[in-house]
Each structure stands twice: as C-alpha cells, then as structure tokens.
Amino acid sequence: MTTLEVRNLAKRFNGSPNAAVNDISFELSDNEILALVGPSGCGKTTTLRLIAGLERPDAGSIRLNRILVASEAVFVPPEQRGVGMIFQDHALFPHLTVFDNVAFGLSGKTTAEVRTRVGEMLHMVGLLSHSKRYPHELSGGERQRVALARALTPRPVLVLMDEPFSSLDADLRAGVREHVRGILKSMQATVVFVTHDQEEALYMGDRLAVLKKGELEQIGTPEEIFHESNTRFVAEFMGHSDFLKGKVTRDGIQTAIGLVRQIVDLPLSTAVEIAIRADDIDFHVDGSGNALIIDRFFRGAFNLYRLRLDTGQVIHAINPHTNILPVGTRVQAFVSAEHSLTVFTQ
Ligand code: ADP
Ligand code: MG
C-alpha cells in the first residue's frame, strides 16, 4: 500500500527568484523509511512542511493513504492529517514530565488508556524508568527518544523527521540513530527522514531521495544511489567521487592511470569521465610512476591519500593505516575496482 504520494509538488517563497521545491514527485510504501538528503538550502524542510500542512503548495498534490490532503483546490490542515513530526530541537515541554510529554498528543482517551499507551511507548524507547523525570534531567539522546515516543504515541499515518540528530554530539549520534531506526522498524512506522549527512541517509533510508536546488535528482536504494548514480551531482555528493578523464577504446576506457576494462555503450574515442572513489584506487611507490602524493589524511582505520597525476588531475586513494608515506613520494597509481564504474560523457 502507498502511504504517501507526492505529485509535481512546487513551492516558491514570496520574493525569492528560485523555487524552494520544484516539481517533485515520489511515493512511499507502508513501513518504508525514505531518507530525503541534499545540501543545506535544497528544499528538504520545505518538502516536509508541505507534507505536514505547515505550508501550502503552489502546484502539485499530496495524498496520504490515498486521501487528497493538498492540491490547488484542497487543503487539509495539519492537525487533521495524522502526521507526526520530530525536529532537530526535540521541542519537549520543559515543565512537563517525560510521561506527560508523551501523553500530550493523546486526546479523547480515558486515563487508563493513556497510561497503557504511554507506558507501551516509553517501554519501546527504553525510558519507562525515566517517566517521572523532566527534560532537563535527560541526556540529548534520551530527549530525542522522548520526542520519538511522543510523535509515535497517537499512531500517526506518517512520521516526518527533520535532521533529528543534528544537535547530538558526534559520539552519541551513531548509537542513537541505530536505536531510533530499530524502534521505527519495530513500530512498522512509515517515515520521511531528512538529513544533509550522506552517511546518515545511507544508514537510515530503505530508499534515498537526493535533492539539489529544489529538484529530485535521483531516488533509489542506498546501493543504487551509491553505485549507480544517475548524475554527477549524486556521484559527487553521495559518493565523494573523483572524476577521472578517459577515452573509449575497443578494450575499455583508457585513462592517465591505465586501461579500465569495462564495456561502455559509446562510440570509440568518446571523451568520458569515470566516477571513481578513493577505495577504487590503489598505488605503490615507484620512482618513475605516474603520480605524486600531495596530501595524507590519517583517518584511524585507514590513510586517505591525495594524489596529483602527471596530467594535473587530482584523485584520492585509500591505503591501510599502517602504510604511512611522506608528501612528495612518487607512486604508480592504478584502478583497483572490481565492480563496474559509472561513466559520464562530458
Ligand atoms: P533545507 O531544509 O534543505 O536546508 P529549506 O527547505 O529550508 O532547505 O529551504 C529551501 C529554500 O527556500 C532556501 O533557499 C531557503 O532560503 C528558502 N526558504 C525556506 N523557508 C523560507 C521562508 N519561510 N521564506 C523565504 N524563503 C524560504
Ligand atoms: Mg532544513
């Protein structure tokens, strides 16, 4: 079943020359988490606010469980859409206990019903023992879980999350997101999860929708987005790709660092660029090699090297953390990828 259907959605703010959201369409199935990802200002929050009913679209339509909630003729207000929202700042009520914060969204229920449902939800997020505490007595991660419990308690049709972990410390974030993803999955929630962080999007999303300047560049599984980028923007933004210049030959693509054996459906001699990541490139020290080490970044588990090819192009390569070589070392770089690479014509 389709929970959310967005069709040709568009929104431009007064006085702005560019559309914040420009002709976006996508669908979301039951129990699916869609990660909406893109750089700051690309229209993620505006898309969420349109779905929630906090903004009116200029054009297009939104359906929730097949019911039209927004179009040029129809506008269902936010409180009637059955959508739960979680923002970056949690927005818990400081003067209410954890229990009362979670109970806040439940109306028209008996005291016993409220106690049961809130208890269930606090148990689900692992905070039953904290129900009498106030928000200031919780860690950032715990506050985030209270916000999640509060959003899920009224059984929303759809959960919208806008950069929910961005106020958490980096060392907390990985643990919290794993915990939160587990909770969302066990609740079978349908979720649009917004983030500007590529890694977080790949982790959270069953599918990803990549936005650029208000437009949907690509939608697909994390693997498709990462390995089969449709556009240079997606390859660059999601994969930190370099673009290695080459020419189509009979045997593959000839580049400055050797032949990449890959069949491409393009005429011989076509100039192309191959999207290539640091883990697709390897090198060994060679005084008459084709590249120079111009930088090294120690990343703990590995070293990230920046290499300048003799053609002037700069590419990146990953090497084991024990392999430490000085800047200025001449090396022979080569493509070590064992999967097919995405090729763009220039
Ligand atoms: P994101 O969440 O991806 O960072 P937003 O959806 O917040 O992006 O913003 C998209 C674009 O719309 C930006 O250029 C932003 O400046 C503009 N914008 C957002 N909200 C408003 C507003 N209320 N009034 C005018 N412009 C806005
Ligand atoms: Mg935003």
# chains A, B, ... in the order shown; residues from 1 in each chain; ligands from 1

$ residues_near_ligand --ligand "ligand 2" --cutoff "12 Å" --atoms "only C-alpha atoms and all ligand atoms" --output "PDB file with N, CA and C atoms, in the first residue's frame"
ATOM      1  N   ALA A  20      11.789  26.901  -4.045  1.00  0.00           N
ATOM      2  CA  ALA A  20      12.356  26.124  -2.932  1.00  0.00           C
ATOM      3  C   ALA A  20      12.159  24.639  -3.212  1.00  0.00           C
ATOM      4  N   LEU A  36      15.453  11.728   2.854  1.00  0.00           N
ATOM      5  CA  LEU A  36      15.493  12.859   1.924  1.00  0.00           C
ATOM      6  C   LEU A  36      16.794  13.592   2.211  1.00  0.00           C
ATOM      7  N   VAL A  37      17.711  13.583   1.254  1.00  0.00           N
ATOM      8  CA  VAL A  37      19.061  14.078   1.537  1.00  0.00           C
ATOM      9  C   VAL A  37      19.512  15.073   0.479  1.00  0.00           C
ATOM     10  N   GLY A  38      20.278  16.058   0.904  1.00  0.00           N
ATOM     11  CA  GLY A  38      20.820  17.052  -0.018  1.00  0.00           C
ATOM     12  C   GLY A  38      21.476  18.152   0.787  1.00  0.00           C
ATOM     13  N   PRO A  39      22.256  19.003   0.111  1.00  0.00           N
ATOM     14  CA  PRO A  39      22.954  20.071   0.848  1.00  0.00           C
ATOM     15  C   PRO A  39      21.982  21.086   1.444  1.00  0.00           C
ATOM     16  N   SER A  40      22.481  21.887   2.346  1.00  0.00           N
ATOM     17  CA  SER A  40      21.665  22.902   3.009  1.00  0.00           C
ATOM     18  C   SER A  40      21.008  23.821   1.970  1.00  0.00           C
ATOM     19  N   GLY A  41      19.723  24.109   2.170  1.00  0.00           N
ATOM     20  CA  GLY A  41      19.014  25.017   1.272  1.00  0.00           C
ATOM     21  C   GLY A  41      18.416  24.358   0.043  1.00  0.00           C
ATOM     22  N   CYS A  42      18.466  23.023  -0.052  1.00  0.00           N
ATOM     23  CA  CYS A  42      17.985  22.361  -1.271  1.00  0.00           C
ATOM     24  C   CYS A  42      16.481  22.084  -1.237  1.00  0.00           C
ATOM     25  N   GLY A  43      15.807  22.404  -0.113  1.00  0.00           N
ATOM     26  CA  GLY A  43      14.352  22.264  -0.087  1.00  0.00           C
ATOM     27  C   GLY A  43      13.823  21.114   0.754  1.00  0.00           C
ATOM     28  N   LYS A  44      14.660  20.524   1.592  1.00  0.00           N
ATOM     29  CA  LYS A  44      14.236  19.365   2.396  1.00  0.00           C
ATOM     30  C   LYS A  44      13.151  19.763   3.400  1.00  0.00           C
ATOM     31  N   THR A  45      13.442  20.804   4.197  1.00  0.00           N
ATOM     32  CA  THR A  45      12.475  21.223   5.220  1.00  0.00           C
ATOM     33  C   THR A  45      11.181  21.692   4.574  1.00  0.00           C
ATOM     34  N   THR A  46      11.283  22.425   3.476  1.00  0.00           N
ATOM     35  CA  THR A  46      10.072  22.902   2.786  1.00  0.00           C
ATOM     36  C   THR A  46       9.218  21.713   2.337  1.00  0.00           C
ATOM     37  N   THR A  47       9.856  20.668   1.812  1.00  0.00           N
ATOM     38  CA  THR A  47       9.114  19.471   1.394  1.00  0.00           C
ATOM     39  C   THR A  47       8.373  18.859   2.587  1.00  0.00           C
ATOM     40  N   LEU A  48       9.065  18.733   3.721  1.00  0.00           N
ATOM     41  CA  LEU A  48       8.426  18.166   4.924  1.00  0.00           C
ATOM     42  C   LEU A  48       7.258  19.033   5.386  1.00  0.00           C
ATOM     43  N   ARG A  49       7.473  20.357   5.378  1.00  0.00           N
ATOM     44  CA  ARG A  49       6.418  21.271   5.848  1.00  0.00           C
ATOM     45  C   ARG A  49       5.196  21.233   4.925  1.00  0.00           C
ATOM     46  N   PHE A  87      11.566  17.309  15.220  1.00  0.00           N
ATOM     47  CA  PHE A  87      12.536  18.277  14.717  1.00  0.00           C
ATOM     48  C   PHE A  87      13.861  18.120  15.449  1.00  0.00           C
ATOM     49  N   GLN A  88      14.820  18.863  14.949  1.00  0.00           N
ATOM     50  CA  GLN A  88      16.171  18.866  15.499  1.00  0.00           C
ATOM     51  C   GLN A  88      16.207  19.194  16.989  1.00  0.00           C
ATOM     52  N   MET A 161      10.657  13.433  10.058  1.00  0.00           N
ATOM     53  CA  MET A 161      11.778  13.754  10.956  1.00  0.00           C
ATOM     54  C   MET A 161      12.735  14.695  10.245  1.00  0.00           C
ATOM     55  N   ASP A 162      12.967  15.871  10.829  1.00  0.00           N
ATOM     56  CA  ASP A 162      13.829  16.874  10.183  1.00  0.00           C
ATOM     57  C   ASP A 162      15.153  17.008  10.930  1.00  0.00           C
ATOM     58  N   GLU A 163      16.198  16.426  10.379  1.00  0.00           N
ATOM     59  CA  GLU A 163      17.543  16.457  10.975  1.00  0.00           C
ATOM     60  C   GLU A 163      17.492  16.185  12.479  1.00  0.00           C
ATOM     61  N   PRO A 164      16.862  15.081  12.902  1.00  0.00           N
ATOM     62  CA  PRO A 164      16.593  14.882  14.326  1.00  0.00           C
ATOM     63  C   PRO A 164      17.844  14.689  15.177  1.00  0.00           C
ATOM     64  N   SER A 166      20.900  16.194  14.630  1.00  0.00           N
ATOM     65  CA  SER A 166      21.982  17.149  14.362  1.00  0.00           C
ATOM     66  C   SER A 166      22.413  17.924  15.605  1.00  0.00           C
ATOM     67  N   PHE A 193      12.603  10.890   6.440  1.00  0.00           N
ATOM     68  CA  PHE A 193      13.688  11.280   7.331  1.00  0.00           C
ATOM     69  C   PHE A 193      14.617  12.237   6.585  1.00  0.00           C
ATOM     70  N   VAL A 194      14.707  13.473   7.064  1.00  0.00           N
ATOM     71  CA  VAL A 194      15.520  14.480   6.377  1.00  0.00           C
ATOM     72  C   VAL A 194      16.900  14.590   7.022  1.00  0.00           C
ATOM     73  N   THR A 195      17.920  14.635   6.187  1.00  0.00           N
ATOM     74  CA  THR A 195      19.276  14.862   6.680  1.00  0.00           C
ATOM     75  C   THR A 195      20.136  15.468   5.569  1.00  0.00           C
ATOM     76  N   HIS A 196      21.178  16.231   5.971  1.00  0.00           N
ATOM     77  CA  HIS A 196      22.128  16.712   4.950  1.00  0.00           C
ATOM     78  C   HIS A 196      23.364  15.818   4.959  1.00  0.00           C
ATOM     79  N   ASP A 197      23.346  14.795   5.817  1.00  0.00           N
ATOM     80  CA  ASP A 197      24.511  13.933   6.041  1.00  0.00           C
ATOM     81  C   ASP A 197      24.360  12.657   5.201  1.00  0.00           C
ATOM     82  N   LEU A 211      18.075  15.436  -3.241  1.00  0.00           N
ATOM     83  CA  LEU A 211      17.584  16.729  -3.730  1.00  0.00           C
ATOM     84  C   LEU A 211      18.741  17.659  -4.045  1.00  0.00           C
ATOM     85  N   GLY A 214      16.089  22.215  -4.996  1.00  0.00           N
ATOM     86  CA  GLY A 214      14.644  22.063  -5.097  1.00  0.00           C
ATOM     87  C   GLY A 214      14.181  20.968  -6.042  1.00  0.00           C
TER      88      GLY A 214
END

$ residues_around --residues "range 147-160 of chain A" --least-positions-apart "3" --cutoff "6 Å" --atoms "only C-alpha atoms" --output "ChimeraX atom specification"
/A:82-85,90,102,106,121,144,190-192

$ write_last_selection --atoms "C-alpha atoms" --output "PDB file, in the first residue's frame"
ATOM      1  CA  GLY A  82      -2.475  12.372  11.197  1.00  0.00           C
ATOM      2  CA  VAL A  83       1.193  13.132  10.679  1.00  0.00           C
ATOM      3  CA  GLY A  84       3.784  13.054  13.495  1.00  0.00           C
ATOM      4  CA  MET A  85       6.755  15.427  13.344  1.00  0.00           C
ATOM      5  CA  HIS A  90      13.107  17.953  20.181  1.00  0.00           C
ATOM      6  CA  VAL A 102       4.482  11.630  25.660  1.00  0.00           C
ATOM      7  CA  LEU A 106      -3.383  11.741  23.013  1.00  0.00           C
ATOM      8  CA  MET A 121       5.708   3.671  24.108  1.00  0.00           C
ATOM      9  CA  GLN A 144      15.400  12.519  21.282  1.00  0.00           C
ATOM     10  CA  THR A 190       6.308   4.956   7.613  1.00  0.00           C
ATOM     11  CA  VAL A 191       8.866   7.732   7.719  1.00  0.00           C
ATOM     12  CA  VAL A 192      10.320  10.610   5.730  1.00  0.00           C
TER      13      VAL A 192
END

$ select_by_dssp --residues "range 63-146 of chain A" --states "alpha helix (DSSP H)" --output "ChimeraX atom specification"
/A:98-103,111-124,140-146

$ write_last_selection --atoms "C-alpha atoms" --output "PDB file, in the first residue's frame"
ATOM      1  CA  VAL A  98       8.557  12.555  30.332  1.00  0.00           C
ATOM      2  CA  PHE A  99       5.210  10.787  30.847  1.00  0.00           C
ATOM      3  CA  ASP A 100       3.169  13.963  30.328  1.00  0.00           C
ATOM      4  CA  ASN A 101       5.229  14.982  27.312  1.00  0.00           C
ATOM      5  CA  VAL A 102       4.482  11.630  25.660  1.00  0.00           C
ATOM      6  CA  ALA A 103       0.804  11.741  26.706  1.00  0.00           C
ATOM      7  CA  THR A 111      -6.835   7.882  31.965  1.00  0.00           C
ATOM      8  CA  ALA A 112      -6.328   4.116  31.880  1.00  0.00           C
ATOM      9  CA  GLU A 113      -5.953   4.090  28.082  1.00  0.00           C
ATOM     10  CA  VAL A 114      -3.436   6.929  28.256  1.00  0.00           C
ATOM     11  CA  ARG A 115      -1.432   5.148  30.963  1.00  0.00           C
ATOM     12  CA  THR A 116      -1.297   1.925  28.929  1.00  0.00           C
ATOM     13  CA  ARG A 117      -0.359   3.547  25.642  1.00  0.00           C
ATOM     14  CA  VAL A 118       2.258   5.909  27.107  1.00  0.00           C
ATOM     15  CA  GLY A 119       3.693   3.036  29.138  1.00  0.00           C
ATOM     16  CA  GLU A 120       3.968   0.892  25.997  1.00  0.00           C
ATOM     17  CA  MET A 121       5.708   3.671  24.108  1.00  0.00           C
ATOM     18  CA  LEU A 122       8.154   4.508  26.910  1.00  0.00           C
ATOM     19  CA  HIS A 123       8.967   0.823  27.181  1.00  0.00           C
ATOM     20  CA  MET A 124       9.550   0.723  23.417  1.00  0.00           C
ATOM     21  CA  GLY A 140      20.403  14.555  24.463  1.00  0.00           C
ATOM     22  CA  GLY A 141      19.860  11.027  23.178  1.00  0.00           C
ATOM     23  CA  GLU A 142      17.170  10.341  25.785  1.00  0.00           C
ATOM     24  CA  ARG A 143      15.358  13.576  24.916  1.00  0.00           C
ATOM     25  CA  GLN A 144      15.400  12.519  21.282  1.00  0.00           C
ATOM     26  CA  ARG A 145      13.769   9.198  22.215  1.00  0.00           C
ATOM     27  CA  VAL A 146      11.073  11.004  24.251  1.00  0.00           C
TER      28      VAL A 146
END

$ residues_around --residues "Asn303 in chain A" --least-positions-apart "5" --cutoff "10 Å" --atoms "only C-alpha atoms" --output "PDB file with C-alpha atoms, in the first residue's frame"
ATOM      1  CA  ARG A 296      47.762  12.405   3.507  1.00  0.00           C
ATOM      2  CA  PHE A 297      44.885  12.369   5.987  1.00  0.00           C
ATOM      3  CA  PHE A 298      45.038   9.850   8.829  1.00  0.00           C
ATOM      4  CA  ALA A 317      43.189   6.716  -2.714  1.00  0.00           C
ATOM      5  CA  ILE A 318      42.718   4.729   0.478  1.00  0.00           C
ATOM      6  CA  ASN A 319      45.615   2.758   1.945  1.00  0.00           C
ATOM      7  CA  PRO A 320      45.969   0.722   5.168  1.00  0.00           C
ATOM      8  CA  HIS A 321      46.503   2.766   8.347  1.00  0.00           C
ATOM      9  CA  THR A 322      49.990   1.280   8.717  1.00  0.00           C
ATOM     10  CA  ASN A 323      51.141   2.465   5.281  1.00  0.00           C
ATOM     11  CA  ILE A 324      52.444   5.966   6.012  1.00  0.00           C
ATOM     12  CA  LEU A 325      54.293   7.695   3.177  1.00  0.00           C
TER      13      LEU A 325
END

$ select_by_dssp --residues "range 114-288 of chain A" --states "strand (DSSP E)" --output "PyMOL selection string"
chain A and resi 158-162+191-195+207-212+215-220+242-249+252-255+258-260+271-276+281-285

$ atom_distance --atom1 "CA of Arg63 in chain A" --atom2 "atom 8 (O, counted along the ligand's line) of ligand 1"
22.0 Å

$ residues_around --residues "range 216-226 of chain A" --least-positions-apart "6" --cutoff "10 Å" --atoms "only C-alpha atoms" --output "JSON, numbers by chain"
{"A": [21, 22, 23, 24, 25, 26, 34, 35, 36, 37, 38, 42, 43, 198, 199, 201, 202, 203, 204, 205, 206, 207, 208, 209, 210, 232, 233, 234, 235, 236, 237, 238, 239, 240, 241]}

$ write_last_selection --atoms "C-alpha atoms" --output "compact mmCIF listing (two decimals), in the first residue's frame"
# COMPACT_ATOMS: atom_id res chain seq x y z
CA VAL A 21 10.70 22.94 -4.22
CA ASN A 22 10.45 22.41 -7.97
CA ASP A 23 8.23 19.71 -9.46
CA ILE A 24 8.98 16.90 -7.02
CA SER A 25 7.21 13.53 -7.28
CA PHE A 26 7.70 10.38 -5.22
CA LEU A 34 12.68 7.36 2.90
CA ALA A 35 15.77 9.45 3.58
CA LEU A 36 15.49 12.86 1.92
CA VAL A 37 19.06 14.08 1.54
CA GLY A 38 20.82 17.05 -0.02
CA CYS A 42 17.99 22.36 -1.27
CA GLY A 43 14.35 22.26 -0.09
CA GLN A 198 25.16 11.36 3.30
CA GLU A 199 26.31 8.65 5.68
CA ALA A 201 20.98 8.92 4.83
CA LEU A 202 22.61 5.68 3.66
CA TYR A 203 22.18 4.23 7.15
CA MET A 204 18.61 5.35 7.84
CA GLY A 205 16.89 5.04 4.47
CA ASP A 206 15.32 1.95 2.94
CA ARG A 207 15.43 4.26 -0.08
CA LEU A 208 17.05 7.63 -0.58
CA ALA A 209 15.77 10.69 -2.44
CA VAL A 210 18.59 13.08 -3.35
CA ARG A 232 27.46 13.82 -11.49
CA PHE A 233 25.91 15.66 -8.56
CA VAL A 234 24.72 12.42 -6.95
CA ALA A 235 28.08 10.73 -7.55
CA GLU A 236 29.91 13.68 -6.03
CA PHE A 237 27.58 14.40 -3.12
CA MET A 238 26.78 10.83 -2.10
CA GLY A 239 29.97 9.05 -3.05
CA HIS A 240 32.68 11.70 -2.62
CA SER A 241 33.66 10.68 -6.13

$ atom_distance --atom1 "CA of Arg133 in chain A" --atom2 "CA of Ser186 in chain A"
25.2 Å

$ residues_around --residues "range 327-335 of chain A" --least-positions-apart "3" --cutoff "8 Å" --atoms "only C-alpha atoms" --output "list in words"
Ile257, Gly258, Val260, Asp280, Ile281, Asp282, Phe283, His284, Val285, Asp286, Gly287, Ser288, Gly289, Asn290, Ala291, Leu292, Ile293, Ile294, Asp295 and Arg296 of chain A

$ write_last_selection --atoms "N, CA and C atoms" --output "CSV table (one decimal), in the first residue's frame"
chain,number,residue,atom,x,y,z
A,257,ILE,N,45.9,6.7,-15.8
A,257,ILE,CA,46.5,5.6,-14.9
A,257,ILE,C,46.2,4.2,-15.4
A,258,GLY,N,46.0,4.1,-16.7
A,258,GLY,CA,45.8,2.8,-17.2
A,258,GLY,C,44.4,2.5,-17.8
A,260,VAL,N,40.9,1.0,-18.0
A,260,VAL,CA,39.8,0.4,-17.1
A,260,VAL,C,39.0,-0.5,-18.0
A,280,ASP,N,38.5,2.8,-4.9
A,280,ASP,CA,38.6,2.2,-6.2
A,280,ASP,C,40.1,2.4,-6.7
A,281,ILE,N,40.9,3.1,-6.0
A,281,ILE,CA,42.2,3.5,-6.5
A,281,ILE,C,43.3,2.9,-5.5
A,282,ASP,N,44.3,2.4,-6.1
A,282,ASP,CA,45.4,1.9,-5.3
A,282,ASP,C,46.7,2.4,-5.9
A,283,PHE,N,47.8,2.3,-5.2
A,283,PHE,CA,49.1,2.7,-5.7
A,283,PHE,C,50.3,2.0,-5.0
A,284,HIS,N,51.4,2.0,-5.7
A,284,HIS,CA,52.7,1.6,-5.0
A,284,HIS,C,53.8,2.5,-5.3
A,285,VAL,N,54.8,2.6,-4.4
A,285,VAL,CA,55.9,3.5,-4.5
A,285,VAL,C,56.6,3.1,-5.8
A,286,ASP,N,56.9,4.1,-6.6
A,286,ASP,CA,57.6,3.9,-7.9
A,286,ASP,C,58.2,5.2,-8.4
A,287,GLY,N,59.6,5.2,-8.4
A,287,GLY,CA,60.3,6.5,-8.7
A,287,GLY,C,60.0,7.0,-10.1
A,288,SER,N,59.5,6.1,-11.0
A,288,SER,CA,59.1,6.5,-12.3
A,288,SER,C,57.6,6.4,-12.6
A,289,GLY,N,56.9,6.5,-11.5
A,289,GLY,CA,55.4,6.3,-11.5
A,289,GLY,C,54.7,7.5,-12.2
A,290,ASN,N,53.3,7.5,-12.1
A,290,ASN,CA,52.5,8.4,-12.8
A,290,ASN,C,51.9,9.5,-11.9
A,291,ALA,N,52.2,9.5,-10.6
A,291,ALA,CA,51.5,10.4,-9.7
A,291,ALA,C,52.4,10.8,-8.5
A,292,LEU,N,52.0,11.8,-7.8
A,292,LEU,CA,52.8,12.3,-6.7
A,292,LEU,C,51.8,12.4,-5.5
A,293,ILE,N,52.3,12.0,-4.3
A,293,ILE,CA,51.5,12.2,-3.1
A,293,ILE,C,51.5,13.7,-2.7
A,294,ILE,N,50.4,14.3,-2.7
A,294,ILE,CA,50.4,15.8,-2.3
A,294,ILE,C,49.7,16.0,-0.9
A,295,ASP,N,49.1,15.0,-0.4
A,295,ASP,CA,48.5,15.1,1.0
A,295,ASP,C,48.2,13.7,1.5
A,296,ARG,N,48.2,13.7,2.9
A,296,ARG,CA,47.8,12.4,3.5
A,296,ARG,C,46.9,12.8,4.7

$ atom_distance --atom1 "CA of Glu72 in chain A" --atom2 "CA of Val6 in chain A"
13.4 Å

$ residues_around --residues "Thr270 in chain A" --least-positions-apart "3" --cutoff "10 Å" --atoms "only C-alpha atoms" --output "number ranges by chain"
A: 246-249, 253, 266-267, 273, 345-346

$ closest_residue --among "A:Ala275, A:Arg7, A:Ala189, A:Pro17" --to "ligand 1" --atoms "only C-alpha atoms and all ligand atoms"
A:Pro17

$ closest_residue --among "A:Leu341, A:Leu128, A:Val69, A:Leu138" --to "Leu4 in chain A" --atoms "only C-alpha atoms"
A:Val69

$ residues_around --residues "Lys245 in chain A" --least-positions-apart "6" --cutoff "8 Å" --atoms "only C-alpha atoms" --output "ChimeraX atom specification"
/A:255-256,271-274

$ write_last_selection --atoms "C-alpha atoms" --output "CSV table (one decimal), in the first residue's frame"
chain,number,residue,atom,x,y,z
A,255,THR,CA,42.9,6.8,-18.6
A,256,ALA,CA,46.1,8.5,-17.4
A,271,ALA,CA,35.7,11.6,-24.1
A,272,VAL,CA,34.3,10.4,-20.8
A,273,GLU,CA,34.7,10.9,-17.1
A,274,ILE,CA,34.6,7.9,-14.7

$ closest_residue --among "A:Leu64, A:Ala52, A:Gly312, A:Ser71" --to "Leu28 in chain A" --atoms "only C-alpha atoms"
A:Leu64

$ closest_residue --among "A:Arg66, A:Lys213, A:Asp279, A:Ala10" --to "ligand 1" --atoms "only C-alpha atoms and all ligand atoms"
A:Lys213
